$ cat entry-v8.pdb   # PDB, C-alpha atoms and all ligand atoms
MODEL        1
ATOM      1  CA  MET A   1     119.174 -33.854 -10.296
ATOM      2  CA  SER A   2     119.507 -36.555 -12.934
ATOM      3  CA  SER A   3     123.098 -37.815 -13.190
ATOM      4  CA  SER A   4     121.992 -41.427 -13.706
ATOM      5  CA  ARG A   5     119.431 -40.806 -16.420
ATOM      6  CA  ASN A   6     119.565 -42.366 -19.879
ATOM      7  CA  LYS A   7     121.077 -40.593 -22.855
ATOM      8  CA  VAL A   8     118.543 -38.433 -24.710
ATOM      9  CA  ILE A   9     118.434 -39.393 -28.387
ATOM     10  CA  VAL A  10     116.823 -37.731 -31.387
ATOM     11  CA  PRO A  11     113.833 -40.147 -31.662
ATOM     12  CA  HIS A  12     112.852 -39.168 -28.102
ATOM     13  CA  LEU A  13     111.933 -35.668 -29.288
ATOM     14  CA  ILE A  14     108.905 -36.742 -31.283
ATOM     15  CA  GLU A  15     107.954 -39.282 -28.606
ATOM     16  CA  ARG A  16     107.917 -36.461 -26.066
ATOM     17  CA  LYS A  17     105.675 -34.316 -28.262
ATOM     18  CA  ASN A  18     103.281 -37.218 -28.761
ATOM     19  CA  ALA A  19     103.203 -37.841 -24.995
ATOM     20  CA  SER A  20     102.679 -34.096 -24.298
ATOM     21  CA  GLU A  21     105.840 -34.047 -22.133
ATOM     22  CA  ALA A  22     107.526 -30.660 -22.266
ATOM     23  CA  LEU A  23     111.099 -30.522 -23.599
ATOM     24  CA  THR A  24     113.738 -28.366 -21.923
ATOM     25  CA  MET A  25     116.676 -26.751 -23.697
ATOM     26  CA  VAL A  26     119.239 -24.246 -22.393
ATOM     27  CA  THR A  27     122.404 -22.832 -23.870
ATOM     28  CA  ALA A  28     125.908 -23.687 -22.708
ATOM     29  CA  TYR A  29     129.183 -22.787 -24.320
ATOM     30  CA  ASP A  30     131.766 -24.517 -22.123
ATOM     31  CA  SER A  31     132.344 -27.699 -20.160
ATOM     32  CA  THR A  32     131.655 -26.267 -16.685
ATOM     33  CA  PHE A  33     128.188 -24.994 -17.478
ATOM     34  CA  ALA A  34     127.466 -27.962 -19.771
ATOM     35  CA  SER A  35     128.058 -30.336 -16.855
ATOM     36  CA  ILE A  36     125.826 -28.241 -14.554
ATOM     37  CA  VAL A  37     122.876 -28.038 -16.948
ATOM     38  CA  ASP A  38     123.243 -31.709 -17.816
ATOM     39  CA  GLU A  39     123.216 -32.750 -14.169
ATOM     40  CA  ALA A  40     120.156 -30.535 -13.661
ATOM     41  CA  GLY A  41     118.353 -32.678 -16.221
ATOM     42  CA  VAL A  42     117.845 -30.609 -19.374
ATOM     43  CA  ASP A  43     116.942 -32.556 -22.516
ATOM     44  CA  LEU A  44     118.963 -30.479 -24.951
ATOM     45  CA  ILE A  45     122.045 -28.275 -24.615
ATOM     46  CA  LEU A  46     122.165 -25.585 -27.273
ATOM     47  CA  VAL A  47     125.633 -24.375 -28.154
ATOM     48  CA  GLY A  48     124.060 -21.219 -29.527
ATOM     49  CA  ASP A  49     125.529 -18.498 -31.681
ATOM     50  CA  SER A  50     124.320 -16.294 -28.803
ATOM     51  CA  VAL A  51     127.882 -17.013 -27.652
ATOM     52  CA  ALA A  52     128.575 -13.779 -29.564
ATOM     53  CA  THR A  53     126.437 -11.569 -27.336
ATOM     54  CA  VAL A  54     126.766 -13.573 -24.126
ATOM     55  CA  MET A  55     130.472 -14.437 -24.125
ATOM     56  CA  GLN A  56     132.174 -12.339 -26.803
ATOM     57  CA  GLY A  57     130.599  -8.987 -25.903
ATOM     58  CA  GLN A  58     129.189  -8.458 -29.432
ATOM     59  CA  LYS A  59     126.004  -6.510 -30.177
ATOM     60  CA  THR A  60     124.694  -9.126 -32.640
ATOM     61  CA  THR A  61     125.322 -12.786 -33.432
ATOM     62  CA  LEU A  62     126.575 -11.994 -36.940
ATOM     63  CA  GLY A  63     130.309 -12.119 -36.232
ATOM     64  CA  VAL A  64     130.515 -15.703 -34.971
ATOM     65  CA  SER A  65     132.602 -18.001 -37.176
ATOM     66  CA  MET A  66     132.514 -21.735 -37.804
ATOM     67  CA  ASP A  67     135.844 -22.002 -35.956
ATOM     68  CA  HIS A  68     134.252 -20.388 -32.873
ATOM     69  CA  MET A  69     131.246 -22.709 -33.010
ATOM     70  CA  GLU A  70     133.384 -25.812 -33.468
ATOM     71  CA  TYR A  71     135.493 -24.795 -30.468
ATOM     72  CA  HIS A  72     132.480 -24.291 -28.189
ATOM     73  CA  VAL A  73     130.771 -27.493 -29.373
ATOM     74  CA  GLN A  74     133.983 -29.397 -28.565
ATOM     75  CA  MET A  75     134.036 -27.943 -25.033
ATOM     76  CA  VAL A  76     130.416 -28.937 -24.380
ATOM     77  CA  ALA A  77     130.871 -32.387 -25.972
ATOM     78  CA  SER A  78     133.903 -33.036 -23.759
ATOM     79  CA  VAL A  79     131.602 -33.660 -20.767
ATOM     80  CA  LYS A  80     129.684 -36.337 -22.713
ATOM     81  CA  PRO A  81     126.283 -35.044 -21.559
ATOM     82  CA  LYS A  82     123.171 -37.163 -21.364
ATOM     83  CA  ALA A  83     121.401 -34.215 -22.990
ATOM     84  CA  LEU A  84     121.427 -33.929 -26.772
ATOM     85  CA  ILE A  85     123.975 -31.413 -28.040
ATOM     86  CA  VAL A  86     122.610 -28.926 -30.567
ATOM     87  CA  GLY A  87     125.253 -26.982 -32.507
ATOM     88  CA  ASP A  88     124.178 -23.650 -33.987
ATOM     89  CA  MET A  89     125.211 -22.924 -37.562
ATOM     90  CA  PRO A  90     126.573 -19.372 -37.573
ATOM     91  CA  PHE A  91     125.670 -16.604 -40.013
ATOM     92  CA  GLY A  92     127.328 -17.230 -43.396
ATOM     93  CA  SER A  93     127.769 -20.966 -42.871
ATOM     94  CA  TYR A  94     124.650 -22.086 -44.786
ATOM     95  CA  GLN A  95     123.299 -19.101 -46.709
ATOM     96  CA  SER A  96     125.559 -19.056 -49.765
ATOM     97  CA  SER A  97     125.208 -22.627 -51.025
ATOM     98  CA  VAL A  98     123.726 -25.973 -50.140
ATOM     99  CA  ARG A  99     127.214 -27.480 -50.448
ATOM    100  CA  ASP A 100     128.546 -25.058 -47.801
ATOM    101  CA  ALA A 101     125.569 -25.862 -45.597
ATOM    102  CA  VAL A 102     126.271 -29.607 -45.693
ATOM    103  CA  ASN A 103     130.055 -29.196 -45.246
ATOM    104  CA  ASN A 104     129.589 -26.894 -42.244
ATOM    105  CA  ALA A 105     126.950 -29.141 -40.688
ATOM    106  CA  VAL A 106     129.413 -32.032 -41.019
ATOM    107  CA  ARG A 107     132.069 -29.925 -39.235
ATOM    108  CA  LEU A 108     129.758 -29.363 -36.246
ATOM    109  CA  ILE A 109     128.869 -33.058 -36.070
ATOM    110  CA  LYS A 110     132.560 -33.992 -36.153
ATOM    111  CA  ALA A 111     133.110 -31.493 -33.312
ATOM    112  CA  GLY A 112     130.525 -33.350 -31.209
ATOM    113  CA  ALA A 113     127.099 -31.893 -32.035
ATOM    114  CA  GLU A 114     124.250 -34.381 -32.428
ATOM    115  CA  ILE A 115     121.827 -31.959 -34.097
ATOM    116  CA  VAL A 116     122.595 -28.758 -36.017
ATOM    117  CA  LYS A 117     120.329 -25.711 -35.834
ATOM    118  CA  LEU A 118     119.866 -23.055 -38.469
ATOM    119  CA  GLU A 119     117.641 -20.011 -38.798
ATOM    120  CA  GLY A 120     114.964 -19.263 -41.388
ATOM    121  CA  GLY A 121     111.981 -20.873 -43.075
ATOM    122  CA  VAL A 122     110.949 -20.911 -46.700
ATOM    123  CA  HIS A 123     114.364 -19.607 -47.868
ATOM    124  CA  VAL A 124     116.471 -22.239 -46.084
ATOM    125  CA  ARG A 125     114.338 -25.180 -47.114
ATOM    126  CA  GLU A 126     116.908 -26.527 -49.602
ATOM    127  CA  ALA A 127     119.744 -26.233 -47.112
ATOM    128  CA  ILE A 128     117.744 -28.177 -44.501
ATOM    129  CA  GLU A 129     116.779 -30.861 -47.038
ATOM    130  CA  ALA A 130     120.409 -31.320 -48.106
ATOM    131  CA  ILE A 131     121.697 -31.593 -44.519
ATOM    132  CA  VAL A 132     118.938 -34.063 -43.654
ATOM    133  CA  ARG A 133     119.888 -36.099 -46.774
ATOM    134  CA  ALA A 134     123.394 -36.264 -45.311
ATOM    135  CA  ASP A 135     121.751 -37.994 -42.310
ATOM    136  CA  ILE A 136     122.327 -35.089 -39.955
ATOM    137  CA  PRO A 137     119.374 -34.139 -37.728
ATOM    138  CA  VAL A 138     118.405 -30.478 -38.147
ATOM    139  CA  MET A 139     116.593 -28.149 -35.756
ATOM    140  CA  GLY A 140     114.909 -25.160 -37.421
ATOM    141  CA  HIS A 141     114.477 -21.680 -35.947
ATOM    142  CA  ILE A 142     111.677 -19.342 -37.076
ATOM    143  CA  GLY A 143     110.048 -16.105 -35.911
ATOM    144  CA  LEU A 144     112.658 -13.714 -34.553
ATOM    145  CA  THR A 145     115.837 -14.965 -36.198
ATOM    146  CA  PRO A 146     118.728 -12.959 -34.713
ATOM    147  CA  GLN A 147     120.879 -13.496 -37.822
ATOM    148  CA  SER A 148     118.268 -11.373 -39.705
ATOM    149  CA  TYR A 149     119.119  -8.450 -37.392
ATOM    150  CA  HIS A 150     119.546  -5.865 -40.153
ATOM    151  CA  ARG A 151     116.484  -6.925 -42.155
ATOM    152  CA  MET A 152     114.313  -6.844 -39.016
ATOM    153  CA  GLY A 153     115.803  -3.511 -37.893
ATOM    154  CA  GLY A 154     116.913  -5.048 -34.575
ATOM    155  CA  ASN A 155     115.767  -8.022 -32.529
ATOM    156  CA  LYS A 156     112.025  -7.317 -32.721
ATOM    157  CA  VAL A 157     108.955  -9.413 -31.958
ATOM    158  CA  GLN A 158     107.712 -11.000 -35.213
ATOM    159  CA  GLY A 159     104.307 -12.204 -36.429
ATOM    160  CA  ARG A 160     102.416  -9.045 -35.577
ATOM    161  CA  THR A 161     101.758  -7.907 -39.135
ATOM    162  CA  ASP A 162      99.527  -9.257 -41.899
ATOM    163  CA  GLY A 163     100.644  -9.871 -45.474
ATOM    164  CA  ALA A 164     103.138 -12.134 -47.194
ATOM    165  CA  GLN A 165     106.413 -10.407 -46.313
ATOM    166  CA  ALA A 166     109.078 -11.917 -44.048
ATOM    167  CA  GLY A 167     108.088 -11.541 -40.392
ATOM    168  CA  SER A 168     104.325 -11.434 -41.032
ATOM    169  CA  ARG A 169     101.974 -13.829 -39.287
ATOM    170  CA  GLU A 170     101.118 -15.660 -42.494
ATOM    171  CA  ARG A 171     104.765 -15.970 -43.504
ATOM    172  CA  ILE A 172     105.813 -17.358 -40.121
ATOM    173  CA  TYR A 173     103.138 -20.028 -40.473
ATOM    174  CA  LYS A 174     104.520 -20.830 -43.949
ATOM    175  CA  ASP A 175     108.059 -20.915 -42.508
ATOM    176  CA  ALA A 176     106.889 -23.480 -39.945
ATOM    177  CA  ARG A 177     105.372 -25.658 -42.657
ATOM    178  CA  ALA A 178     108.490 -25.289 -44.835
ATOM    179  CA  VAL A 179     110.934 -26.406 -42.143
ATOM    180  CA  GLU A 180     108.685 -29.282 -41.137
ATOM    181  CA  GLU A 181     108.391 -30.461 -44.763
ATOM    182  CA  ALA A 182     112.150 -30.076 -45.213
ATOM    183  CA  GLY A 183     112.643 -32.660 -42.471
ATOM    184  CA  VAL A 184     113.617 -30.921 -39.217
ATOM    185  CA  CYS A 185     113.432 -32.995 -36.034
ATOM    186  CA  ALA A 186     112.190 -29.941 -34.068
ATOM    187  CA  PHE A 187     112.219 -26.176 -34.412
ATOM    188  CA  VAL A 188     112.581 -23.104 -32.244
ATOM    189  CA  ILE A 189     109.877 -20.427 -32.398
ATOM    190  CA  GLU A 190     111.290 -17.160 -31.080
ATOM    191  CA  ALA A 191     109.416 -14.003 -30.045
ATOM    192  CA  VAL A 192     106.046 -14.363 -31.727
ATOM    193  CA  PRO A 193     102.557 -13.895 -30.232
ATOM    194  CA  ALA A 194     101.575 -16.899 -28.119
ATOM    195  CA  ASP A 195      98.424 -17.607 -30.138
ATOM    196  CA  LEU A 196     100.449 -17.955 -33.364
ATOM    197  CA  ALA A 197     102.949 -20.294 -31.661
ATOM    198  CA  THR A 198     100.023 -22.360 -30.345
ATOM    199  CA  GLN A 199      98.450 -22.553 -33.811
ATOM    200  CA  ILE A 200     101.778 -23.725 -35.296
ATOM    201  CA  THR A 201     102.445 -26.217 -32.491
ATOM    202  CA  THR A 202      99.028 -27.793 -32.991
ATOM    203  CA  ALA A 203      99.420 -27.942 -36.767
ATOM    204  CA  VAL A 204     102.883 -29.482 -37.081
ATOM    205  CA  GLY A 205     104.004 -33.043 -36.373
ATOM    206  CA  VAL A 206     107.426 -32.181 -34.923
ATOM    207  CA  PRO A 207     108.181 -30.538 -31.561
ATOM    208  CA  THR A 208     108.262 -26.756 -31.279
ATOM    209  CA  ILE A 209     110.587 -25.191 -28.725
ATOM    210  CA  GLY A 210     109.561 -21.698 -27.702
ATOM    211  CA  ILE A 211     111.376 -18.647 -26.443
ATOM    212  CA  GLY A 212     109.061 -15.695 -25.988
ATOM    213  CA  ALA A 213     106.367 -17.741 -27.716
ATOM    214  CA  GLY A 214     104.037 -18.703 -24.857
ATOM    215  CA  VAL A 215     103.492 -21.781 -22.762
ATOM    216  CA  ASN A 216     101.859 -23.992 -25.386
ATOM    217  CA  CYS A 217     104.997 -24.845 -27.374
ATOM    218  CA  ASP A 218     106.186 -28.446 -26.989
ATOM    219  CA  GLY A 219     109.233 -27.207 -25.074
ATOM    220  CA  GLN A 220     111.067 -24.100 -23.929
ATOM    221  CA  VAL A 221     114.587 -22.746 -24.397
ATOM    222  CA  LEU A 222     116.438 -20.055 -22.469
ATOM    223  CA  VAL A 223     119.901 -18.569 -22.690
ATOM    224  CA  LEU A 224     121.646 -19.873 -19.565
ATOM    225  CA  HIS A 225     123.063 -16.480 -18.591
ATOM    226  CA  ASP A 226     119.508 -15.045 -18.528
ATOM    227  CA  LEU A 227     118.208 -18.020 -16.523
ATOM    228  CA  LEU A 228     120.990 -17.658 -13.935
ATOM    229  CA  GLY A 229     120.735 -13.875 -13.642
ATOM    230  CA  LEU A 230     124.272 -13.438 -14.988
ATOM    231  CA  SER A 231     123.264 -11.080 -17.774
ATOM    232  CA  GLU A 232     123.515  -7.327 -17.332
ATOM    233  CA  ARG A 233     120.149  -6.852 -19.059
ATOM    234  CA  SER A 234     116.882  -8.606 -18.316
ATOM    235  CA  PHE A 235     114.410  -9.572 -21.044
ATOM    236  CA  THR A 236     110.605  -9.865 -20.919
ATOM    237  CA  PHE A 237     110.696 -13.366 -22.451
ATOM    238  CA  ALA A 238     113.244 -14.711 -19.952
ATOM    239  CA  LYS A 239     113.047 -15.548 -16.268
ATOM    240  CA  ALA A 240     116.046 -15.263 -13.946
ATOM    241  CA  TYR A 241     115.962 -18.191 -11.504
ATOM    242  CA  SER A 242     118.988 -16.868  -9.637
ATOM    243  CA  ASP A 243     121.006 -13.696  -9.184
ATOM    244  CA  LEU A 244     124.459 -14.995 -10.073
ATOM    245  CA  ARG A 245     125.701 -11.619 -11.276
ATOM    246  CA  GLN A 246     125.221 -10.080  -7.816
ATOM    247  CA  ILE A 247     126.429 -13.244  -6.066
ATOM    248  CA  SER A 248     129.574 -13.292  -8.231
ATOM    249  CA  LEU A 249     130.202  -9.583  -7.738
ATOM    250  CA  LYS A 250     129.964  -9.979  -3.971
ATOM    251  CA  ALA A 251     132.301 -13.002  -3.945
ATOM    252  CA  VAL A 252     134.993 -11.354  -6.065
ATOM    253  CA  ALA A 253     134.758  -8.084  -4.109
ATOM    254  CA  GLU A 254     135.226 -10.079  -0.878
ATOM    255  CA  TYR A 255     138.314 -11.781  -2.363
ATOM    256  CA  VAL A 256     139.755  -8.389  -3.379
ATOM    257  CA  SER A 257     139.175  -7.067   0.109
ATOM    258  CA  ASP A 258     140.670 -10.219   1.745
ATOM    259  CA  VAL A 259     143.837  -9.992  -0.358
ATOM    260  CA  GLN A 260     144.207  -6.279   0.253
ATOM    261  CA  SER A 261     143.801  -6.734   4.012
ATOM    262  CA  ARG A 262     145.976  -9.913   3.996
ATOM    263  CA  ARG A 263     143.154 -12.158   5.273
ATOM    264  CA  PHE A 264     143.742 -14.440   2.271
ATOM    265  CA  PRO A 265     145.601 -16.745   2.041
ATOM    266  CA  ASP A 266     145.560 -17.925   5.649
ATOM    267  CA  PRO A 267     147.596 -20.868   6.992
ATOM    268  CA  SER A 268     144.933 -23.389   5.852
ATOM    269  CA  ASN A 269     145.573 -22.377   2.237
ATOM    270  CA  GLY A 270     149.339 -22.911   2.471
ATOM    271  CA  PHE A 271     151.812 -25.793   2.384
TER     272      PHE A 271
HETATM  273  O1  LIG B 301     121.770 -18.876 -30.031
HETATM  274  C1  LIG B 301     120.838 -19.027 -29.208
HETATM  275  O2  LIG B 301     121.022 -18.949 -27.984
HETATM  276  C2  LIG B 301     119.510 -19.303 -29.726
HETATM  277  C3  LIG B 301     118.368 -19.367 -28.748
HETATM  278  C4  LIG B 301     117.971 -18.013 -28.319
HETATM  279  C5  LIG B 301     117.230 -20.133 -29.283
HETATM  280  O3  LIG B 301     119.349 -19.475 -30.901
ENDMDL
END
$ encode --input "entry-v8.pdb" --output "structure tokens"
Amino acid sequence: MSSSRNKVIVPHLIERKNASEALTMVTAYDSTFASIVDEAGVDLILVGDSVATVMQGQKTTLGVSMDHMEYHVQMVASVKPKALIVGDMPFGSYQSSVRDAVNNAVRLIKAGAEIVKLEGGVHVREAIEAIVRADIPVMGHIGLTPQSYHRMGGNKVQGRTDGAQAGSRERIYKDARAVEEAGVCAFVIEAVPADLATQITTAVGVPTIGIGAGVNCDGQVLVLHDLLGLSERSFTFAKAYSDLRQISLKAVAEYVSDVQSRRFPDPSNGF
């Protein structure tokens, strides 16, 4: 546990890539979990738009609003973590104009984010450049981009086809180059074959953070609820390091039984 460690800052990311030291990122959406993952020593806390599927019970991430993201970033920022706070830009907050992209990135920074993350490659290049010009660090996200749910026909592994179309191997490589040239400080590579992620990681000068992209990325990211075994579903790309869903179920069932049988509260819980 690392409660006394130094604050992670953006320049550390490139230093870590150059030193071949793996970066760790996990999601958190509230102050309780933010304080736990921070104390455990992660480098980056991602306030992801996965809040939609993980916390809001949605099927996709498309319904998350800027107000939602600001609220969750504020909760995470309230614990003043040593880890860098990455605020996800939700669907619709950067696609329609560069001006919107900059204004919404500014909103997340004012809420407490230290980096903003947005999805896409070649097509979001201008948005990334404009946000970077506003002096806001940007994290890219290529490969499986959950906000492209309808175009992809679901959350499907990308980079398995040849050709120039979105989702092809060649295009994902171009997306990586585009976000790097646009000025990102790092980028996520999600659900692509490990050899493609390795090729990209070797070619680019900024850190890559993989999820379902093999062990050779410069870092890894997981959704906290998958890591803790809180999710109802399990995913090939994730690893559950605990079984908190079963542990929680057992605890709450025991409480229900204690109340029903009048074992709780006992005199030690009273005044
Ligand atoms: O929103 C999120 O949790 C993400 C990760 C899966 C990278 O974007």
$ residues_near_ligand --input "entry-v8.pdb" --ligand "ligand LIG 301 (chain B)" --cutoff "6 Å" --atoms "all atoms listed in the file" --output "PyMOL selection string"
chain A and resi 27+48-50+223
$ write_last_selection --input "entry-v8.pdb" --atoms "C-alpha atoms" --output "mmCIF file, in the coordinates of the input"
data_model
loop_
_atom_site.group_PDB
_atom_site.id
_atom_site.type_symbol
_atom_site.label_atom_id
_atom_site.label_comp_id
_atom_site.auth_asym_id
_atom_site.auth_seq_id
_atom_site.Cartn_x
_atom_site.Cartn_y
_atom_site.Cartn_z
ATOM 1 C CA THR A 27 122.404 -22.832 -23.870
ATOM 2 C CA GLY A 48 124.060 -21.219 -29.527
ATOM 3 C CA ASP A 49 125.529 -18.498 -31.681
ATOM 4 C CA SER A 50 124.320 -16.294 -28.803
ATOM 5 C CA VAL A 223 119.901 -18.569 -22.690
#
$ atom_distance --input "entry-v8.pdb" --atom1 "atom CA of Phe33 of chain A" --atom2 "atom CA of Thr53 of chain A"
16.7 Å
$ resolve_selection --input "entry-v8.pdb" --expression "the PyMOL selection byres (((chain A and resi 155-168) around 10) and not hetatm)" --output "ChimeraX atom specification"
/A:60,120-122,142-154,169-175,190-194,196-197,212-213
$ residues_around --input "entry-v8.pdb" --residues "Asn18 of chain A" --least-positions-apart "5" --cutoff "10 Å" --atoms "all atoms listed in the file" --output "number ranges by chain"
A: 12-13, 205-207, 218
$ residues_near_point --input "entry-v8.pdb" --point "(120.4, -31.3, -37.9)" --cutoff "10 Å" --atoms "all atoms listed in the file" --output "PDB file with C-alpha atoms, in the coordinates of the input"
ATOM      1  CA  VAL A  10     116.823 -37.731 -31.387  1.00  0.00           C
ATOM      2  CA  VAL A  86     122.610 -28.926 -30.567  1.00  0.00           C
ATOM      3  CA  GLY A  87     125.253 -26.982 -32.507  1.00  0.00           C
ATOM      4  CA  ASP A  88     124.178 -23.650 -33.987  1.00  0.00           C
ATOM      5  CA  MET A  89     125.211 -22.924 -37.562  1.00  0.00           C
ATOM      6  CA  VAL A 102     126.271 -29.607 -45.693  1.00  0.00           C
ATOM      7  CA  ALA A 105     126.950 -29.141 -40.688  1.00  0.00           C
ATOM      8  CA  VAL A 106     129.413 -32.032 -41.019  1.00  0.00           C
ATOM      9  CA  LEU A 108     129.758 -29.363 -36.246  1.00  0.00           C
ATOM     10  CA  ILE A 109     128.869 -33.058 -36.070  1.00  0.00           C
ATOM     11  CA  ALA A 113     127.099 -31.893 -32.035  1.00  0.00           C
ATOM     12  CA  GLU A 114     124.250 -34.381 -32.428  1.00  0.00           C
ATOM     13  CA  ILE A 115     121.827 -31.959 -34.097  1.00  0.00           C
ATOM     14  CA  VAL A 116     122.595 -28.758 -36.017  1.00  0.00           C
ATOM     15  CA  LYS A 117     120.329 -25.711 -35.834  1.00  0.00           C
ATOM     16  CA  LEU A 118     119.866 -23.055 -38.469  1.00  0.00           C
ATOM     17  CA  ILE A 128     117.744 -28.177 -44.501  1.00  0.00           C
ATOM     18  CA  GLU A 129     116.779 -30.861 -47.038  1.00  0.00           C
ATOM     19  CA  ILE A 131     121.697 -31.593 -44.519  1.00  0.00           C
ATOM     20  CA  VAL A 132     118.938 -34.063 -43.654  1.00  0.00           C
ATOM     21  CA  ALA A 134     123.394 -36.264 -45.311  1.00  0.00           C
ATOM     22  CA  ASP A 135     121.751 -37.994 -42.310  1.00  0.00           C
ATOM     23  CA  ILE A 136     122.327 -35.089 -39.955  1.00  0.00           C
ATOM     24  CA  PRO A 137     119.374 -34.139 -37.728  1.00  0.00           C
ATOM     25  CA  VAL A 138     118.405 -30.478 -38.147  1.00  0.00           C
ATOM     26  CA  MET A 139     116.593 -28.149 -35.756  1.00  0.00           C
ATOM     27  CA  GLY A 140     114.909 -25.160 -37.421  1.00  0.00           C
ATOM     28  CA  GLY A 183     112.643 -32.660 -42.471  1.00  0.00           C
ATOM     29  CA  VAL A 184     113.617 -30.921 -39.217  1.00  0.00           C
ATOM     30  CA  CYS A 185     113.432 -32.995 -36.034  1.00  0.00           C
ATOM     31  CA  ALA A 186     112.190 -29.941 -34.068  1.00  0.00           C
TER      32      ALA A 186
END
$ atom_distance --input "entry-v8.pdb" --atom1 "atom CA of Val76 of chain A" --atom2 "atom CA of Asp30 of chain A"
5.1 Å
$ resolve_selection --input "entry-v8.pdb" --expression "the PyMOL selection byres (((chain A and resi 231) around 12) and not hetatm)" --output "VMD selection string"
chain A and resid 53 to 55 57 223 to 230 232 to 235 238 to 246 248
$ closest_residue --input "entry-v8.pdb" --among "A:Ser4, A:Gln58, A:Ser261, A:Thr24" --to "Ile209 of chain A" --atoms "all atoms listed in the file"
A:Thr24
$ atom_distance --input "entry-v8.pdb" --atom1 "atom CA of Thr208 of chain A" --atom2 "atom CA of Glu21 of chain A"
11.9 Å
$ build_atoms --input "entry-v8.pdb" --residues "segment 228-246 of chain A" --atoms "N, CA and C atoms" --output "JSON list (two decimals), keeping the file's coordinate frame"
[["chain", "number", "residue", "atom", "x", "y", "z"],
["A", 228, "LEU", "N", 120.23, -17.71, -15.19],
["A", 228, "LEU", "CA", 120.99, -17.66, -13.94],
["A", 228, "LEU", "C", 121.11, -16.24, -13.37],
["A", 229, "GLY", "N", 120.60, -15.25, -14.11],
["A", 229, "GLY", "CA", 120.74, -13.88, -13.64],
["A", 229, "GLY", "C", 122.16, -13.37, -13.76],
["A", 230, "LEU", "N", 122.88, -13.88, -14.76],
["A", 230, "LEU", "CA", 124.27, -13.44, -14.99],
["A", 230, "LEU", "C", 124.33, -12.28, -15.96],
["A", 231, "SER", "N", 123.25, -12.11, -16.73],
["A", 231, "SER", "CA", 123.26, -11.08, -17.77],
["A", 231, "SER", "C", 123.09, -9.70, -17.16],
["A", 232, "GLU", "N", 123.68, -8.71, -17.83],
["A", 232, "GLU", "CA", 123.52, -7.33, -17.33],
["A", 232, "GLU", "C", 122.10, -6.83, -17.58],
["A", 233, "ARG", "N", 121.51, -7.28, -18.72],
["A", 233, "ARG", "CA", 120.15, -6.85, -19.06],
["A", 233, "ARG", "C", 119.16, -7.95, -18.72],
["A", 234, "SER", "N", 117.90, -7.56, -18.46],
["A", 234, "SER", "CA", 116.88, -8.61, -18.32],
["A", 234, "SER", "C", 115.89, -8.46, -19.47],
["A", 235, "PHE", "N", 115.29, -9.57, -19.87],
["A", 235, "PHE", "CA", 114.41, -9.57, -21.04],
["A", 235, "PHE", "C", 113.03, -10.07, -20.64],
["A", 236, "THR", "N", 111.99, -9.48, -21.24],
["A", 236, "THR", "CA", 110.60, -9.86, -20.92],
["A", 236, "THR", "C", 110.39, -11.37, -21.07],
["A", 237, "PHE", "N", 110.98, -11.96, -22.14],
["A", 237, "PHE", "CA", 110.70, -13.37, -22.45],
["A", 237, "PHE", "C", 111.45, -14.33, -21.54],
["A", 238, "ALA", "N", 112.41, -13.82, -20.76],
["A", 238, "ALA", "CA", 113.24, -14.71, -19.95],
["A", 238, "ALA", "C", 112.84, -14.61, -18.49],
["A", 239, "LYS", "N", 113.27, -15.61, -17.72],
["A", 239, "LYS", "CA", 113.05, -15.55, -16.27],
["A", 239, "LYS", "C", 114.38, -15.87, -15.60],
["A", 240, "ALA", "N", 114.81, -15.00, -14.69],
["A", 240, "ALA", "CA", 116.05, -15.26, -13.95],
["A", 240, "ALA", "C", 115.69, -16.09, -12.72],
["A", 241, "TYR", "N", 116.24, -17.30, -12.64],
["A", 241, "TYR", "CA", 115.96, -18.19, -11.50],
["A", 241, "TYR", "C", 116.99, -18.02, -10.40],
["A", 242, "SER", "N", 117.99, -17.15, -10.65],
["A", 242, "SER", "CA", 118.99, -16.87, -9.64],
["A", 242, "SER", "C", 119.51, -15.46, -9.89],
["A", 243, "ASP", "N", 120.47, -15.05, -9.08],
["A", 243, "ASP", "CA", 121.01, -13.70, -9.18],
["A", 243, "ASP", "C", 122.53, -13.80, -9.22],
["A", 244, "LEU", "N", 123.02, -14.66, -10.11],
["A", 244, "LEU", "CA", 124.46, -15.00, -10.07],
["A", 244, "LEU", "C", 125.36, -13.81, -10.34],
["A", 245, "ARG", "N", 124.85, -12.80, -11.04],
["A", 245, "ARG", "CA", 125.70, -11.62, -11.28],
["A", 245, "ARG", "C", 126.03, -10.93, -9.94],
["A", 246, "GLN", "N", 125.00, -10.72, -9.11],
["A", 246, "GLN", "CA", 125.22, -10.08, -7.82],
["A", 246, "GLN", "C", 126.03, -10.99, -6.89]]
